[in-house]
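Note: the block below is upload12.cif and it holds mmCIF, C-alpha atoms (C1' of nucleotides).
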data_model
loop_
_atom_site.label_atom_id
_atom_site.label_comp_id
_atom_site.auth_asym_id
_atom_site.auth_seq_id
_atom_site.Cartn_x
_atom_site.Cartn_y
_atom_site.Cartn_z
CA MET A 1 111.84 306.64 244.57
CA SER A 2 109.67 305.16 247.28
CA GLU A 3 108.32 307.32 250.08
CA CYS A 4 110.36 307.70 253.19
CA SER A 5 110.19 304.18 254.59
CA CYS A 6 113.89 304.44 255.49
CA PRO A 7 114.45 307.46 257.67
CA ALA A 8 118.11 308.29 257.34
CA GLU A 9 118.45 309.37 260.94
CA ASP A 10 117.27 306.09 262.36
CA ILE A 11 119.48 304.11 260.00
CA SER A 12 122.45 306.21 260.95
CA SER A 13 121.91 305.93 264.70
CA ARG A 14 121.33 302.17 264.57
CA LEU A 15 124.44 301.77 262.49
CA LEU A 16 126.56 303.86 264.84
CA ALA A 17 125.27 301.99 267.88
CA TRP A 18 126.11 298.68 266.25
CA TYR A 19 129.57 299.92 265.28
CA ARG A 20 130.37 300.92 268.86
CA ASP A 21 129.99 297.27 269.88
CA ALA A 22 130.87 295.32 266.77
CA GLY A 23 133.32 297.52 264.86
CA ARG A 24 136.59 295.87 264.04
CA ALA A 25 139.86 296.92 265.60
CA LEU A 26 142.16 297.53 262.65
CA PRO A 27 145.69 298.96 262.55
CA TRP A 28 144.61 302.10 260.70
CA ARG A 29 141.90 302.78 263.25
CA ASN A 30 144.44 303.77 265.89
CA THR A 31 145.21 306.99 264.07
CA ARG A 32 143.72 310.05 262.42
CA ASP A 33 146.90 310.70 260.44
CA PRO A 34 145.65 311.35 256.88
CA TYR A 35 148.78 309.67 255.53
CA CYS A 36 147.93 306.39 257.27
CA ILE A 37 144.25 306.62 256.37
CA TRP A 38 145.12 307.32 252.74
CA LEU A 39 147.59 304.42 252.61
CA SER A 40 145.05 302.02 254.07
CA GLU A 41 142.31 303.15 251.69
CA ILE A 42 144.52 302.72 248.62
CA MET A 43 145.63 299.27 249.79
CA LEU A 44 142.02 298.29 250.51
CA GLN A 45 140.99 299.04 246.92
CA GLN A 46 140.62 295.58 245.34
CA THR A 47 142.05 293.89 248.42
CA THR A 48 140.66 292.39 251.61
CA VAL A 49 141.47 293.59 255.13
CA GLU A 50 143.30 290.39 256.03
CA ALA A 51 145.57 290.63 253.01
CA VAL A 52 146.27 294.30 253.61
CA ILE A 53 147.28 294.27 257.30
CA PRO A 54 150.82 292.84 256.94
CA TYR A 55 151.52 295.03 253.91
CA TYR A 56 150.23 298.10 255.70
CA GLU A 57 152.43 297.57 258.74
CA ARG A 58 155.50 296.75 256.69
CA PHE A 59 154.90 299.80 254.52
CA LEU A 60 154.63 302.18 257.48
CA ALA A 61 157.70 300.66 259.08
CA ASN A 62 159.61 301.64 255.94
CA PHE A 63 157.90 304.93 255.12
CA SER A 64 156.55 306.58 258.25
CA SER A 65 155.37 309.78 256.57
CA VAL A 66 154.26 311.13 253.24
CA ALA A 67 157.57 312.99 253.04
CA ALA A 68 159.52 309.77 253.52
CA LEU A 69 157.46 308.09 250.81
CA ALA A 70 157.90 311.01 248.42
CA ALA A 71 161.66 310.90 248.93
CA ALA A 72 161.91 307.16 248.22
CA PRO A 73 162.69 305.68 244.80
CA LEU A 74 159.75 304.02 243.04
CA ASP A 75 161.49 300.64 243.11
CA SER A 76 161.51 300.48 246.89
CA VAL A 77 157.79 301.28 246.90
CA LEU A 78 157.16 298.47 244.41
CA ASP A 79 159.23 296.11 246.58
CA LEU A 80 156.80 296.69 249.44
CA TRP A 81 153.79 296.33 247.15
CA ALA A 82 154.79 293.11 245.39
CA GLY A 83 152.08 290.49 245.85
CA LEU A 84 149.24 292.95 246.51
CA GLY A 85 148.27 293.30 242.86
CA TYR A 86 147.10 296.25 240.76
CA TYR A 87 150.57 297.74 240.73
CA SER A 88 149.43 301.01 239.19
CA ARG A 89 148.16 301.70 242.71
CA ALA A 90 151.75 301.71 243.95
CA ARG A 91 152.88 303.97 241.14
CA ASN A 92 149.98 306.35 241.76
CA LEU A 93 150.65 306.25 245.51
CA HIS A 94 154.23 307.32 244.95
CA LYS A 95 153.24 310.04 242.50
CA ALA A 96 150.52 311.32 244.84
CA ALA A 97 152.98 311.46 247.75
CA ARG A 98 155.23 313.71 245.69
CA MET A 99 152.25 315.89 244.78
CA VAL A 100 151.22 316.24 248.43
CA VAL A 101 154.72 317.36 249.31
CA GLU A 102 155.10 319.71 246.36
CA ASP A 103 151.59 321.06 245.82
CA PHE A 104 150.13 320.86 249.32
CA CYS A 105 153.16 321.57 251.50
CA GLY A 106 153.16 318.01 252.81
CA GLU A 107 149.63 318.19 254.24
CA PHE A 108 146.76 316.18 252.77
CA PRO A 109 143.86 318.40 251.66
CA ALA A 110 140.45 317.84 253.26
CA ASP A 111 138.57 319.08 250.21
CA LEU A 112 136.94 316.41 248.04
CA ALA A 113 137.90 317.99 244.71
CA GLU A 114 141.50 318.51 245.82
CA LEU A 115 141.76 314.95 247.11
CA GLN A 116 140.53 313.69 243.74
CA ARG A 117 143.29 315.53 241.96
CA LEU A 118 145.74 313.10 243.55
CA PRO A 119 146.32 310.03 241.37
CA GLY A 120 144.71 306.89 242.75
CA ILE A 121 142.01 308.83 244.62
CA GLY A 122 138.60 308.79 242.97
CA ARG A 123 135.24 309.92 244.23
CA SER A 124 134.76 307.15 246.80
CA THR A 125 138.30 307.13 248.21
CA ALA A 126 138.18 310.92 248.50
CA GLY A 127 134.99 310.58 250.57
CA ALA A 128 136.58 307.91 252.75
CA ILE A 129 139.69 309.97 253.46
CA ARG A 130 137.69 313.11 254.17
CA SER A 131 135.37 311.23 256.55
CA ILE A 132 137.87 309.07 258.34
CA ALA A 133 140.88 311.35 258.56
CA PHE A 134 139.15 314.72 258.92
CA ASP A 135 135.74 313.73 260.35
CA LEU A 136 134.03 315.81 257.67
CA PRO A 137 131.07 314.58 255.57
CA GLY A 138 132.26 312.67 252.53
CA PRO A 139 130.03 310.21 250.72
CA ILE A 140 131.46 306.78 249.98
CA LEU A 141 130.34 304.24 247.40
CA ASP A 142 132.77 301.38 247.56
CA GLY A 143 131.88 297.73 247.06
CA ASN A 144 130.66 297.24 250.60
CA VAL A 145 128.51 300.36 250.66
CA ARG A 146 127.15 299.59 247.21
CA ARG A 147 125.98 296.18 248.37
CA VAL A 148 124.44 297.53 251.58
CA LEU A 149 122.57 300.27 249.71
CA CYS A 150 121.35 297.94 246.98
CA ARG A 151 119.86 295.64 249.59
CA LEU A 152 118.54 298.38 251.83
CA HIS A 153 116.55 299.82 248.91
CA ALA A 154 115.99 296.55 247.03
CA VAL A 155 117.76 297.79 243.93
CA THR A 156 117.27 295.10 241.31
CA THR A 157 118.97 296.84 238.40
CA ASP A 158 122.64 296.30 237.53
CA PRO A 159 124.56 298.25 240.21
CA ARG A 160 127.23 299.23 237.67
CA ALA A 161 124.78 300.66 235.14
CA SER A 162 125.20 304.40 235.04
CA ALA A 163 121.61 305.21 236.01
CA THR A 164 121.83 302.91 239.05
CA GLU A 165 125.23 304.25 239.93
CA LYS A 166 123.84 307.77 239.94
CA GLN A 167 120.94 306.74 242.13
CA LEU A 168 123.26 304.95 244.57
CA TRP A 169 125.50 307.99 244.89
CA GLN A 170 122.42 310.05 245.76
CA ARG A 171 121.47 307.52 248.42
CA ALA A 172 125.04 307.47 249.73
CA GLU A 173 125.07 311.26 249.96
CA SER A 174 121.77 311.53 251.75
CA LEU A 175 122.71 308.80 254.22
CA THR A 176 126.17 310.12 255.04
CA SER A 177 126.17 311.33 258.60
CA VAL A 178 126.81 315.02 259.03
CA SER A 179 127.25 314.62 262.77
CA ARG A 180 129.74 311.76 262.95
CA PRO A 181 131.32 311.18 259.54
CA HIS A 182 134.37 309.39 260.94
CA ASP A 183 132.37 306.69 262.69
CA TYR A 184 129.65 306.48 260.09
CA ALA A 185 132.06 305.82 257.21
CA GLN A 186 133.74 302.96 259.01
CA ALA A 187 130.45 301.62 260.34
CA ILE A 188 128.82 301.22 256.95
CA MET A 189 131.94 299.68 255.44
CA ASP A 190 132.21 297.28 258.38
CA LEU A 191 128.57 296.30 258.01
CA GLY A 192 129.18 295.34 254.40
CA ALA A 193 132.38 293.51 255.22
CA THR A 194 131.13 291.49 258.20
CA LEU A 195 127.32 291.07 258.02
CA CYS A 196 126.01 292.27 254.68
CA THR A 197 128.42 290.00 252.81
CA PRO A 198 128.12 289.01 249.13
CA ARG A 199 127.06 285.45 250.00
CA GLN A 200 124.89 284.39 252.89
CA PRO A 201 124.41 287.76 254.59
CA ARG A 202 123.85 287.44 258.34
CA CYS A 203 120.58 289.35 258.40
CA PRO A 204 119.50 288.22 261.90
CA LEU A 205 122.43 290.19 263.33
CA CYS A 206 121.95 293.26 261.17
CA PRO A 207 121.10 296.55 262.88
CA LEU A 208 119.36 297.76 259.69
CA ARG A 209 117.15 294.71 259.27
CA ALA A 210 113.97 296.64 260.05
CA HIS A 211 114.73 299.08 257.24
CA CYS A 212 115.99 296.59 254.68
CA GLN A 213 113.67 296.19 251.72
CA ALA A 214 115.61 293.25 250.35
CA PHE A 215 115.21 291.41 253.68
CA ALA A 216 111.52 292.27 253.78
CA GLN A 217 111.09 290.62 250.38
CA SER A 218 113.61 287.80 251.03
CA LEU A 219 115.70 289.10 248.14
CA GLN A 220 118.95 289.52 250.05
CA GLY A 221 120.47 286.54 248.27
CA ASP A 222 119.63 287.92 244.82
CA ILE A 223 120.74 291.51 245.40
CA PRO A 224 122.95 293.00 244.13
CA VAL A 225 122.19 291.32 240.80
CA ARG A 226 125.25 289.62 239.35
CA HIS A 227 126.13 289.85 235.71
CA LYS A 228 127.73 286.76 234.26
CA LYS A 229 131.28 287.19 233.09
CA PRO A 230 132.45 285.67 229.84
CA PRO A 231 135.09 282.98 230.44
CA VAL A 232 138.63 284.33 230.52
CA PRO A 233 140.91 283.35 227.63
CA LYS A 234 143.79 280.99 228.33
CA ARG A 235 147.42 281.85 227.73
CA ALA A 236 150.59 279.85 228.26
CA GLN A 237 154.23 280.65 228.75
CA VAL A 238 157.43 278.80 229.44
CA VAL A 239 159.51 280.04 232.35
CA LEU A 240 163.21 279.38 232.68
CA LEU A 241 165.05 279.30 235.99
CA LEU A 242 168.62 279.87 234.98
CA GLU A 243 170.99 279.06 237.84
CA ASP A 244 174.70 279.79 238.06
CA GLN A 245 177.14 277.70 240.06
CA ARG A 246 176.40 279.49 243.31
CA GLY A 247 172.64 279.04 242.87
CA ALA A 248 171.95 282.63 241.79
CA ARG A 249 169.03 283.04 239.38
CA LEU A 250 168.65 285.32 236.41
CA VAL A 251 165.75 287.78 236.66
CA ARG A 252 164.57 290.65 234.56
CA LYS A 253 162.55 293.75 235.30
CA ARG A 254 159.35 294.41 233.37
CA PRO A 255 158.92 297.83 231.75
CA TYR A 256 157.22 300.35 234.01
CA ASP A 257 154.43 301.22 231.60
CA GLY A 258 152.82 297.83 230.99
CA MET A 259 151.05 295.16 232.99
CA LEU A 260 152.91 294.30 236.23
CA GLY A 261 155.04 297.33 235.47
CA GLY A 262 158.33 297.55 237.36
CA LEU A 263 158.07 294.07 238.84
CA TRP A 264 160.70 291.37 238.43
CA GLU A 265 160.27 287.99 236.79
CA PHE A 266 162.23 285.03 235.52
CA PRO A 267 162.99 284.84 231.81
CA ALA A 268 159.83 283.69 230.04
CA ALA A 269 158.36 283.43 226.58
CA PRO A 270 154.75 283.08 225.43
CA VAL A 271 153.56 279.82 223.88
CA GLU A 272 151.56 280.90 220.83
CA ALA A 273 148.71 278.85 219.38
CA GLY A 274 149.99 275.73 217.65
CA GLU A 275 153.46 275.95 219.20
CA THR A 276 154.96 273.26 221.35
CA THR A 277 156.52 273.98 224.73
CA THR A 278 159.70 272.33 223.47
CA ALA A 279 159.99 274.73 220.55
CA VAL A 280 159.47 277.74 222.78
CA ILE A 281 161.98 276.67 225.39
CA SER A 282 164.56 276.07 222.64
CA ARG A 283 163.98 279.54 221.31
CA LEU A 284 164.23 281.07 224.76
CA LEU A 285 167.48 279.24 225.46
CA ALA A 286 168.89 280.46 222.15
CA THR A 287 167.91 284.03 222.92
CA LEU A 288 169.75 283.83 226.21
CA GLY A 289 172.79 282.16 224.66
CA VAL A 290 172.40 279.05 226.79
CA CYS A 291 173.12 275.59 225.41
CA SER A 292 172.77 273.42 228.53
CA ALA A 293 169.92 270.92 228.67
CA PRO A 294 166.73 272.22 230.34
CA GLU A 295 165.18 270.11 233.07
CA PRO A 296 161.37 270.20 233.47
CA VAL A 297 160.28 271.32 236.94
CA GLY A 298 156.50 271.48 236.78
CA VAL A 299 153.50 273.66 235.99
CA VAL A 300 152.07 276.70 237.74
CA LYS A 301 148.65 278.22 237.09
CA HIS A 302 147.72 281.83 237.77
CA VAL A 303 144.50 283.67 236.97
CA TYR A 304 144.45 287.36 236.17
CA SER A 305 141.31 289.42 235.70
CA HIS A 306 141.34 289.07 231.94
CA PHE A 307 143.23 285.86 231.19
CA ALA A 308 144.35 282.63 232.81
CA LEU A 309 148.06 281.88 232.60
CA THR A 310 149.75 278.47 232.64
CA CYS A 311 153.49 278.56 233.29
CA THR A 312 155.53 275.52 232.29
CA VAL A 313 158.71 275.74 234.29
CA PHE A 314 162.19 274.56 233.32
CA ARG A 315 165.47 274.74 235.17
CA CYS A 316 168.90 275.06 233.65
CA ARG A 317 172.30 275.21 235.30
CA VAL A 318 174.97 277.20 233.53
CA SER A 319 178.67 277.55 234.18
CA LEU A 320 179.38 280.46 231.87
CA LEU A 321 177.18 283.45 232.60
CA PRO A 322 175.24 284.62 229.56
CA GLN A 323 176.06 288.13 228.41
CA VAL A 324 172.45 289.21 228.73
CA ALA A 325 172.85 289.69 232.45
CA LYS A 326 174.96 292.75 231.83
CA GLU A 327 171.93 294.69 230.65
CA GLU A 328 170.46 297.20 233.04
CA ASP A 329 167.12 295.43 233.56
CA ARG A 330 168.53 291.96 234.14
CA GLN A 331 170.52 290.67 237.08
CA TRP A 332 171.69 287.56 238.86
CA VAL A 333 170.18 287.29 242.30
CA PRO A 334 171.46 284.93 245.02
CA PRO A 335 168.82 282.74 246.71
CA THR A 336 168.96 284.73 249.96
CA GLU A 337 167.94 287.93 248.17
CA LEU A 338 165.35 286.37 245.90
CA ALA A 339 162.70 286.28 248.60
CA ALA A 340 162.90 290.05 249.05
CA LEU A 341 162.73 290.78 245.34
CA ALA A 342 159.54 292.27 243.92
CA LEU A 343 158.54 289.23 241.87
CA HIS A 344 154.97 289.30 240.54
CA GLY A 345 152.52 286.75 241.90
CA ALA A 346 152.71 284.15 239.15
CA HIS A 347 156.49 283.93 239.39
CA GLN A 348 156.37 283.90 243.16
CA LYS A 349 154.47 280.65 242.66
CA VAL A 350 157.15 279.54 240.19
CA LEU A 351 159.85 280.23 242.77
CA LYS A 352 157.90 278.33 245.41
CA LEU A 353 157.53 275.37 243.09
CA VAL A 354 161.20 275.16 242.23
CA THR A 355 162.27 275.70 245.84
CA GLU A 356 160.06 272.85 247.00
CA LYS A 357 161.26 270.59 244.21
CA THR A 358 164.89 271.35 245.06
CA GLU A 359 164.25 270.46 248.71
CA LYS A 360 162.55 267.25 247.69
CA ASP A 361 165.39 266.26 245.37
CA LYS A 362 167.87 266.64 248.23
CA MET A 363 165.98 264.13 250.39
"C1'" DA B 1 135.81 277.67 238.83
"C1'" DA B 2 133.54 281.91 239.62
"C1'" DG B 3 132.60 286.29 241.91
"C1'" DG B 4 134.11 290.56 243.96
"C1'" DC B 5 136.54 294.72 243.80
"C1'" DG B 6 138.03 301.54 242.62
"C1'" DG B 7 140.28 304.16 239.55
"C1'" DG B 8 142.88 305.50 235.28
"C1'" DG B 9 143.09 306.14 230.56
"C1'" DA B 10 141.72 305.58 225.76
"C1'" DC B 11 138.16 306.40 222.77
"C1'" DG C 1 130.21 309.34 229.11
"C1'" DT C 2 131.46 304.63 228.03
"C1'" DC C 3 134.39 300.99 227.59
"C1'" DC C 4 138.51 298.49 228.70
"C1'" DC C 5 142.19 297.22 231.74
"C1'" DA C 6 143.98 295.18 235.91
"C1'" DG C 7 145.81 290.79 240.22
"C1'" DC C 8 144.62 289.02 244.15
"C1'" DC C 9 141.49 286.71 247.74
"C1'" DT C 10 137.30 284.23 249.07
"C1'" DT C 11 133.89 280.91 248.42
#

Would you mind writing the structure in this file as C-alpha cells?
Amino acid sequence: MSECSCPAEDISSRLLAWYRDAGRALPWRNTRDPYCIWLSEIMLQQTTVEAVIPYYERFLANFSSVAALAAAPLDSVLDLWAGLGYYSRARNLHKAARMVVEDFCGEFPADLAELQRLPGIGRSTAGAIRSIAFDLPGPILDGNVRRVLCRLHAVTTDPRASATEKQLWQRAESLTSVSRPHDYAQAIMDLGATLCTPRQPRCPLCPLRAHCQAFAQSLQGDIPVRHKKPPVPKRAQVVLLLEDQRGARLVRKRPYDGMLGGLWEFPAAPVEAGETTTAVISRLLATLGVCSAPEPVGVVKHVYSHFALTCTVFRCRVSLLPQVAKEEDRQWVPPTELAALALHGAHQKVLKLVTEKTEKDKM
DNA sequence: AAGGCGGGGAC
DNA sequence: GTCCCAGCCTT
C-alpha cells in the first residue's frame, strides 16, 4: 500500500459536495422504504438505470409492499420481469420476499449478515441496502465502485483476481462514510455511472481528480485492466409460430429450474451440427402433429453471455388444433394477450419479426 | 462485435 | 475458495 496520499475524509467530502449538485434524480431516491431500495438494487444488478426505471415503476404499481410480493404467485413476478434478464433474480426476489415476511415479520433487517441470508443479496447489495435504506455504514463494491477505486489507486492487476478483490474491499470499507452512508453510497455509484465511466471517463469534471492516481499517470483509459474473453460459441434453433384460425399462437413454458426458467417461448428445436434447418423443422412439425406446409419468415439473432443464438423462424397455419396444447405447460394465446406474456428476449424478437412481416404482407 | 455487470451453486 | 453460469444494454 502507498502512504496516505488519498485522505479518505477529503475524498468523501468532495464526493458528497459533488453529489449534492450533480446527483441524479431517480425514482428510488424519493423513498427510504427498504422494500423499494431492495427492489431497485436487485434490478440494477446486471442492468442499467435507464433499462430499470420502467420495470421498477411497473413492478411497484403491481406489488406495493414486500407483503404483496410475498403473497403473489411466482408467475406474476416473472411476467413483470420478462425482458430484464437474469431471471434467477426474479425467483430469488420472490423467495426473499417470503423470507422477509416469515422470518423477519415483514421488516427488512439492517444487519449485513442478516441481509445476506436473503437470496439474491450478496456482500455488495447488502452494503447498498444498509447504506441507502437505513443510513448505516455498509461497504459497497459493485461495478461502478470497483472501477472508481481501481482508478483512484491505480490498480493495474485484474480486478476480479481474489487478491485484488480483497484489497478493493478493504479500500471500499475504509472509504465508506460513517457520517453520511446514505449519500455517500449513492454518490460513489453515481460517480462511476456518470463520470468515471468504462470508456472515455470525464476526468475534467471529476471531484476526485486531485486524488486519482490513474489520472496523475494518464492511465485512466487502461484501468481497470480488461481481460479478453474467448469468443462465444454459436448455436442455432428453428422456431415455429403455429397459428390457429383466429390468429392465436402456441406457446410453451420453460421448466423453472433451467436457463430462462419459467419464461414462455414458441415451439423450437435446436439445429445440431451437420443438420439442415429443413430436417429440423420437419421433425418439429412431426412432434407437434402438424402436417401443414411451413412458411419461412426470417432470421433473428440473440447473444447470451455464453453463446450466440440464431433463430430461423417459420410460420404455419393450422385448422385442427394439435393435441399437445392440452398439456399444462402449453397454451394457445390470442394476439392481444401475447404482448403481455412473459416471453424471453430472443422470442420477443421473433414475435416482433413475425408481427412486422404480417403487417407488411397486408400492404 | 465486444465489454460490462452481482450473486448462486457446483465442485 | 474457485470456477462456471447467466441476458441484457452500451459502445

Next on the checklist: Need the shell around DA6 in chain C: protein/DNA/RNA residues with any atom at most 8 Å away, counting all atoms listed in the file. Skip same-chain ones fewer than 5 positions apart. Format as a list in words?
Outcome noted: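 My reading of the contact set: Tyr86, Met259, Tyr304, Ser305 and His306 of chain A.
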
Neighbours of chain A in chain B at 9 Å, counting only C-alpha atoms (C1' of nucleotides), as a PDB file with C-alpha atoms (C1' of nucleotides), in the coordinates of the input:
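Written file, selection-v2.pdb:
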ATOM      1  C1'  DA B   2     133.540 281.910 239.620  1.00  0.00           C
ATOM      2  C1'  DG B   3     132.600 286.290 241.910  1.00  0.00           C
ATOM      3  C1'  DG B   4     134.110 290.560 243.960  1.00  0.00           C
ATOM      4  C1'  DC B   5     136.540 294.720 243.800  1.00  0.00           C
ATOM      5  C1'  DG B   6     138.030 301.540 242.620  1.00  0.00           C
ATOM      6  C1'  DG B   7     140.280 304.160 239.550  1.00  0.00           C
ATOM      7  C1'  DG B   8     142.880 305.500 235.280  1.00  0.00           C
TER       8       DG B   8
END

Checklist entry - Residues around (163.4, 280.8, 235.7), cut-off 9 Å, counting all atoms listed in the file - what are they as JSON, numbers by chain? => result {"A": [238, 239, 240, 241, 242, 243, 249, 250, 251, 265, 266, 267, 268, 313, 314, 315, 316, 347, 350, 351, 354]}

Go ahead and save the residues from that selection, with C-alpha atoms, as a short mmCIF file (atom, residue, chain, number, x, y, z; two decimals), in the frame of the given file.
data_model
loop_
_atom_site.label_atom_id
_atom_site.label_comp_id
_atom_site.auth_asym_id
_atom_site.auth_seq_id
_atom_site.Cartn_x
_atom_site.Cartn_y
_atom_site.Cartn_z
CA VAL A 238 157.43 278.80 229.44
CA VAL A 239 159.51 280.04 232.35
CA LEU A 240 163.21 279.38 232.68
CA LEU A 241 165.05 279.30 235.99
CA LEU A 242 168.62 279.87 234.98
CA GLU A 243 170.99 279.06 237.84
CA ARG A 249 169.03 283.04 239.38
CA LEU A 250 168.65 285.32 236.41
CA VAL A 251 165.75 287.78 236.66
CA GLU A 265 160.27 287.99 236.79
CA PHE A 266 162.23 285.03 235.52
CA PRO A 267 162.99 284.84 231.81
CA ALA A 268 159.83 283.69 230.04
CA VAL A 313 158.71 275.74 234.29
CA PHE A 314 162.19 274.56 233.32
CA ARG A 315 165.47 274.74 235.17
CA CYS A 316 168.90 275.06 233.65
CA HIS A 347 156.49 283.93 239.39
CA VAL A 350 157.15 279.54 240.19
CA LEU A 351 159.85 280.23 242.77
CA VAL A 354 161.20 275.16 242.23
#

Next on the checklist: I need the contact residues of chain C against chain A, so if you could list those with any atom within 9 Å, counting all atoms listed in the file, and return them as a ChimeraX atom specification, that would help.
Outcome noted: /C:5-9,11

Item to check | Atom pair CA of His211 in chain A / CA of Asp10 in chain A: separation (Å) | outcome: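 Distance reported for this atom pair: 9.0 Å.
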
Next on the checklist: Report as a VMD selection string all protein, DNA and RNA residues lying within 10 Å of Gln237 in chain A, evaluated on only C-alpha atoms (C1' of nucleotides), omitting residues in the same chain fewer than 2 positions from it.
Outcome noted: chain A and resid 235 239 to 240 268 to 272 277 280 to 281 309 to 313

For the selection you just gave me, I'd like the residues written to a file as a JSON list (two decimals), in the coordinates of the input, keeping C-alpha atoms.
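Writing the result to selection08.json gives the following:
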[["chain", "number", "residue", "atom", "x", "y", "z"],
["A", 235, "ARG", "CA", 147.42, 281.85, 227.73],
["A", 239, "VAL", "CA", 159.51, 280.04, 232.35],
["A", 240, "LEU", "CA", 163.21, 279.38, 232.68],
["A", 268, "ALA", "CA", 159.83, 283.69, 230.04],
["A", 269, "ALA", "CA", 158.36, 283.43, 226.58],
["A", 270, "PRO", "CA", 154.75, 283.08, 225.43],
["A", 271, "VAL", "CA", 153.56, 279.82, 223.88],
["A", 272, "GLU", "CA", 151.56, 280.90, 220.83],
["A", 277, "THR", "CA", 156.52, 273.98, 224.73],
["A", 280, "VAL", "CA", 159.47, 277.74, 222.78],
["A", 281, "ILE", "CA", 161.98, 276.67, 225.39],
["A", 309, "LEU", "CA", 148.06, 281.88, 232.60],
["A", 310, "THR", "CA", 149.75, 278.47, 232.64],
["A", 311, "CYS", "CA", 153.49, 278.56, 233.29],
["A", 312, "THR", "CA", 155.53, 275.52, 232.29],
["A", 313, "VAL", "CA", 158.71, 275.74, 234.29]]

Item to check | Using all atoms listed in the file: which of A:Thr194, A:Ser174, A:Ala163, A:Leu112 has the shortest distance to DG1 in chain C | outcome: A:Ala163

Checklist entry - What is the CA of Leu288 in chain A to CA of Asp244 in chain A distance in Å? => result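 Pair CA of Leu288 in chain A / CA of Asp244 in chain A returns 13.5 Å.
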
Item to check | Atomic distance CA of Asn62 in chain A - CA of Met43 in chain A, expressed in Å with one decimal | outcome: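 Rounded to one decimal, the two atoms are 15.5 Å apart.
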
All residues 9 Å or closer to Pro224 in chain A, all atoms listed in the file, same chain fewer than 4 positions away omitted, as a JSON list (two decimals) with C-alpha atoms, in the frame of the given file:
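Okay, selection14.json is ready:
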[["chain", "number", "residue", "atom", "x", "y", "z"],
["A", 146, "ARG", "CA", 127.15, 299.59, 247.21],
["A", 147, "ARG", "CA", 125.98, 296.18, 248.37],
["A", 148, "VAL", "CA", 124.44, 297.53, 251.58],
["A", 150, "CYS", "CA", 121.35, 297.94, 246.98],
["A", 151, "ARG", "CA", 119.86, 295.64, 249.59],
["A", 154, "ALA", "CA", 115.99, 296.55, 247.03],
["A", 155, "VAL", "CA", 117.76, 297.79, 243.93],
["A", 156, "THR", "CA", 117.27, 295.10, 241.31],
["A", 157, "THR", "CA", 118.97, 296.84, 238.40],
["A", 158, "ASP", "CA", 122.64, 296.30, 237.53],
["A", 159, "PRO", "CA", 124.56, 298.25, 240.21],
["A", 198, "PRO", "CA", 128.12, 289.01, 249.13],
["A", 220, "GLN", "CA", 118.95, 289.52, 250.05]]
